[in-house]
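Peer 1: I'd like to ask some things about the structure below.
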Amino acid sequence: MMKMLVPLAAVIVLIIVSLAGVEAAGLEAVFGIVIPYLAFIIFVAGMIWRVIDWGKSPVPFRIPTTCGQQQSLPWIKQDKLENPSTCTQTFARMILEVFFFRSLFRNLKTELHDGKVVYGSDKWLWLFAIVFHYSFLVVFIRHIRFFVGDVPDVIHILEALDSFFQVGVPLVYITGLTLTAGVLFLFLRRIVIPQVRYISLPADYFPLFLIFAIAITGILMRYFTKVDVVAVKNLTMGLVTLNPQIPQGIGSIFYVHLFLVCTLFIYFPFSKLVHMGGVFLSPTRNLANNSRMERHVNPWNYPVKVHSYEEYEHEFKDKMKKAGIPVEKE
Amino acid sequence: MAKFTKKPKDLIADIDYSKTPSTDWMDTPVEFKEHTFCWGAKGKNLEIVGFPNARDWSPAEEDWKLPHDWENTVMDAIKDRLSKYRSFKLFMDICVRCGACADKCHFYIGSGDPKNMPVLRAELFRSIYRRYFTAPGRIFGRLAGARELTLQVLKEWWYYFYQCTECRRCSVFCPYGIDTAEITMMVREFTNLLGLNTDWISGPVANCYIKGNHLGLEPHTIKSSIEFFLDDIETITGIRIEPSFNRKGAEILFVTPSGDLFADPGTYTCMGYLMLFHELGLDYTWSTYASEGGNFGFFTSNEMAKRLNYKIYAEAKRLGVKFIIGGECGHMWRVIHQYMDTWNGPADFLEVPKSPITGTVFENAKTTKMIHITEFTADLIRNNKLKLDPSRNDNLIVTYHDSCNTSRGMGLLEEPRYIIKNVCNHFYEMPEDTIREKTFCCGSGTGLNAGENMELRMRGGLPRAMAVKYVKEKYGVNMLANVCAIDRATLSTLMDYYNPGVRVTGVHELVANALVMKGEKPRETNLRQEPLPGKEGA
Ligand code: HEM
Ligand code: SF4
Ligand code: SF4
């Protein structure tokens, strides 16, 4: 329980801090300018540091996890996507992993019935992970409209698609809802499945609560408090053009939303959320299975103490000779 | 210690996946249960290879006779390995604890112990990484999932990282490919630095270092073991085979796990090799120096594995062979395929393997210059170079077990199947979720195939045994084929426990049964000297 309550409390505190900061202390400039800049810098620097730090450790051995038939004899059909042996094939495998969560799609559920182990397909995690991540991506891309002067056509198209199914004002963006649903599912799954609950840490609940709060404040602004979008765009464009300003009349809920997003950005490089970058570097996925075809060099390979043939023959010479096994030195 | 007598149904009755301990895993102390761990190493075996803190020790005793500054040793080693292995470092940072790997581990499936979920096994170590190597862990401690390194933690590591067979099944299902086997390898390195090896691993390592093979067979014993097989082959086929040992100028060096020289049913597989090579008139030699394909060093440290593996190339060079053929073994092939060339290459004194019988050039082994015997044999069959009579195996209803290492660390899936289908008439696959890249471990890999940890082995082998049981009931399967010397020993025990009546065989035993040899007498029996189908009355 504590594992869940502490991160929940943390998110509530974040909300209160930003509300109080803006409403009571009038710190719009801090929450609207200073913290966003800080968050951006920490995020970018943090992610670069992460990737460099990982990159500093070499990949001494070629250790892909092979999930299909290897390339061997020409008449045996190789599984090029699951067991790639060239760069192109490996690239394709990575595309499947990154865009379609290939490995997660394999998921099975193991159960015990009448003393028998049975495996069932279990694609829920995959489905909601896809829903969650793609919604996140679309929501993220939609936000670009706040950070460019003329909104590019792609964003218009994306917005049109995202609100395709309805009429009325304001149009409801589907991804806002699916993102929330995705987070809710991931959270429910975490508390309902006993094994997953047992392995969960506060650091697993915190981002879920945080993202949930971000989505809810966003939805509130769009559909309920009807935030002054022009004023918001003035603020964000001010940030982008390095000419920051605090326009009047943006409700405090916007500052809460922004502060939570900033927190997510700051938190990102120091948490499990770095899986976003890490997945590209994973040696069990991003290496071709060609270690018998092309020599892989370990940069820190060093000489080791061995038991040489000479020593061996010296120790067993008599026995070898008696058994008629050839020796080097008679 | 009392003998392990638990019945399969009682063992299964203990398992309940929905139950988790009432206390958080960090507050649940490790309990060393009888029959679930291996004996400690003997000092003399550690001394032979120069391992640290050589002394006799027992995991069951309170005092592990650790060096006084063991914490520092561990810390330094963690730091060192983090800087040497991107896999290790990355896998520490990116796990989201989604639990996709949780129920994929055979030890979890067979025990229901949450600490056997790959993710939690990794967290046992990750919590220490966080505490000493990340800022959030240092500042927020337990709130960030961090904890102090204590003797309790070390014991917990030892217990659970010697309950992982480095099978990599978890890695297949992880969205980021996190391979708990990598973490197990690292933690085993740390325990190794403190002298916390097991007897069952360190004995073979010492043997292999000095005598060239895990069993410690000396040169003359290797020769006489094989001669013993030759007598049997003569009885069965009427043909006297004369293989050579340590012969310079042979075209091919043959290396296989020593286990097959020693115990049934591996010995029959070994007879299979001898018969096949003889029939082909292959210009090859055995070596008594490089007389081990397997590598128990791999279960202690990367360095020790390299030290043992050195002999293969060294011997190939000394004998002046052109290339190497490797026998049926699981972890041996992970080592050969993914490590050997990097450790001890380049093998520029060898040539790209080319089958002297079919002329096929094995481009897939262009640099390592070592091919798997099933690659070699599949090519022979494809090119019609073998005269085969599969009906000699008609009494066998066969299924095939993929070894963890050849499937997930190589991708050798079709070669053995192609061979089996050509030498047997009755072949049935186990359920899809239990074979190929999703195959289940025998439960006794990475040096866990001892006697004292039998309950652990039977728990780890449960998913494999259940899958065999399924095809046994459905198709009447009575023979479990595989390409691994450890499997041949461990699966036999496993079958006796869960599926009595199902026996275990190497692929090349089946080949040799079906192989019609030039000048052989009419065969009455198979390699086990049991009557062939149709000859029972004779
Ligand atoms: C590219 C391959 C990726 C895969 C396979 C992947 C997979 C996952 C999975 C399985 C979860 C766990 C959900 C849970 O059980 O809680 C997760 C969570 C999350 N991922 Fe990704 N992810 C990927 C990329 C990304 C990217 C590019 C982002 C960028 C924002 C991202 C952001 C998140 C966030 C914010 C969470 C939710 C918070 C949490 O559960 O802790 N992921 N991801
Ligand atoms: S599947 Fe991978 S990311 Fe998910 S809990 Fe297991 S190791 Fe962690
Ligand atoms: S490598 Fe195999 S034994 Fe080890 S944790 Fe993963 S699934 Fe379990």
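Each chain of the structure tokens is named A, B, ... in the order shown, its residues numbered from 1; ligands are numbered from 1 in display order.
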Within 7 Å of ligand 1 (counting only C-alpha atoms and all ligand atoms), which residues show up? I'd like them as a list in words.
Peer 2: Glu97, Val98, Phe99, Phe101, Leu104, Ala129, His133, Phe136, Leu137, Leu186, Phe187, Arg190, Asp204, Tyr205, Pro207, Leu208, Lys272, Leu273, His275, Met276 and Val279 of chain A; Val96, Arg97, Cys98, Pro175 and Tyr176 of chain B
Peer 1: Give one line per residue of chain B that approaches ligand 3 to at most 6 Å, naming the two atoms of the closest pair and their distance in Å to one decimal, counting only C-alpha atoms and all ligand atoms; sort by chain then ascending residue number and deliver it as JSON lines.
Peer 2:
{"residue": "B:Lys104", "atom": "CA", "partner": "ligand 3", "partner_atom_place_in_ligand_line": "7 (S)", "distance": 5.8}
{"residue": "B:Cys105", "atom": "CA", "partner": "ligand 3", "partner_atom_place_in_ligand_line": "7 (S)", "distance": 3.6}
{"residue": "B:Pro118", "atom": "CA", "partner": "ligand 3", "partner_atom_place_in_ligand_line": "5 (S)", "distance": 4.0}
{"residue": "B:Cys164", "atom": "CA", "partner": "ligand 3", "partner_atom_place_in_ligand_line": "3 (S)", "distance": 3.7}
{"residue": "B:Thr165", "atom": "CA", "partner": "ligand 3", "partner_atom_place_in_ligand_line": "3 (S)", "distance": 4.3}
{"residue": "B:Glu166", "atom": "CA", "partner": "ligand 3", "partner_atom_place_in_ligand_line": "1 (S)", "distance": 3.8}
{"residue": "B:Cys167", "atom": "CA", "partner": "ligand 3", "partner_atom_place_in_ligand_line": "2 (Fe)", "distance": 3.8}
{"residue": "B:Arg168", "atom": "CA", "partner": "ligand 3", "partner_atom_place_in_ligand_line": "1 (S)", "distance": 3.9}
{"residue": "B:Arg169", "atom": "CA", "partner": "ligand 3", "partner_atom_place_in_ligand_line": "7 (S)", "distance": 4.5}
{"residue": "B:Cys170", "atom": "CA", "partner": "ligand 3", "partner_atom_place_in_ligand_line": "7 (S)", "distance": 4.3}
{"residue": "B:Thr180", "atom": "CA", "partner": "ligand 3", "partner_atom_place_in_ligand_line": "6 (Fe)", "distance": 4.9}
{"residue": "B:Ala181", "atom": "CA", "partner": "ligand 3", "partner_atom_place_in_ligand_line": "1 (S)", "distance": 4.2}
Peer 1: Please write the residues from the selection above to a file, keeping C-alpha atoms, as a compact mmCIF listing (two decimals), in the first residue's frame.
Peer 2:
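Dumped everything to selection.txt:
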# COMPACT_ATOMS: atom_id res chain seq x y z
CA LYS B 104 8.03 -17.38 -18.50
CA CYS B 105 10.72 -18.87 -16.28
CA PRO B 118 13.03 -13.22 -13.92
CA CYS B 164 18.66 -19.60 -13.01
CA THR B 165 19.89 -21.77 -15.83
CA GLU B 166 20.69 -18.81 -18.11
CA CYS B 167 18.13 -20.21 -20.52
CA ARG B 168 17.11 -16.77 -21.91
CA ARG B 169 13.45 -17.62 -22.24
CA CYS B 170 12.61 -14.45 -20.33
CA THR B 180 18.21 -12.15 -17.04
CA ALA B 181 20.87 -14.66 -18.01
Peer 1: I'd like the neighbourhood of region 156-172 of chain A as an MDAnalysis selection string, where a residue qualifies if any of its atoms comes within 8 Å (using only C-alpha atoms), though same-chain residues fewer than 5 positions away should be ignored.
Peer 2: chainID A and resid 138 142 151 222:223
Peer 1: Have a look at CA of Asn53 (chain B) and CA of Ala41 (chain B) and let me know their distance in Å, one decimal.
Peer 2: 10.7 Å
Peer 1: Would you mind telling me which residue in B:Gly212, B:Gly443, B:Gly50, B:Gly177 lies nearest to ligand 2 when using only C-alpha atoms and all ligand atoms?
Peer 2: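 With only C-alpha atoms and all ligand atoms as the atom set, the closest residue is B:Gly177.
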Peer 1: Do you know which residues are at most 7 Å from Leu494 (chain B) counting only C-alpha atoms, after dropping those on the same chain fewer than 4 positions away, and could you put them as a ChimeraX atom specification?
Peer 2: /B:458,461,465,490,498
Peer 1: In terms of the shortest atom-to-atom distance over only C-alpha atoms and all ligand atoms, which of B:His401, B:Lys366, B:Arg121, B:Lys33 is closest to ligand 2?
Peer 2: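 Of the candidates, the smallest distance to ligand 2 is held by B:Arg121.
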Peer 1: Of the residues B:His214, B:Arg307, B:Lys6, B:Arg523, which is the one nearest to chain A, using only C-alpha atoms?
Peer 2: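 Nearest to chain A: B:Arg307.
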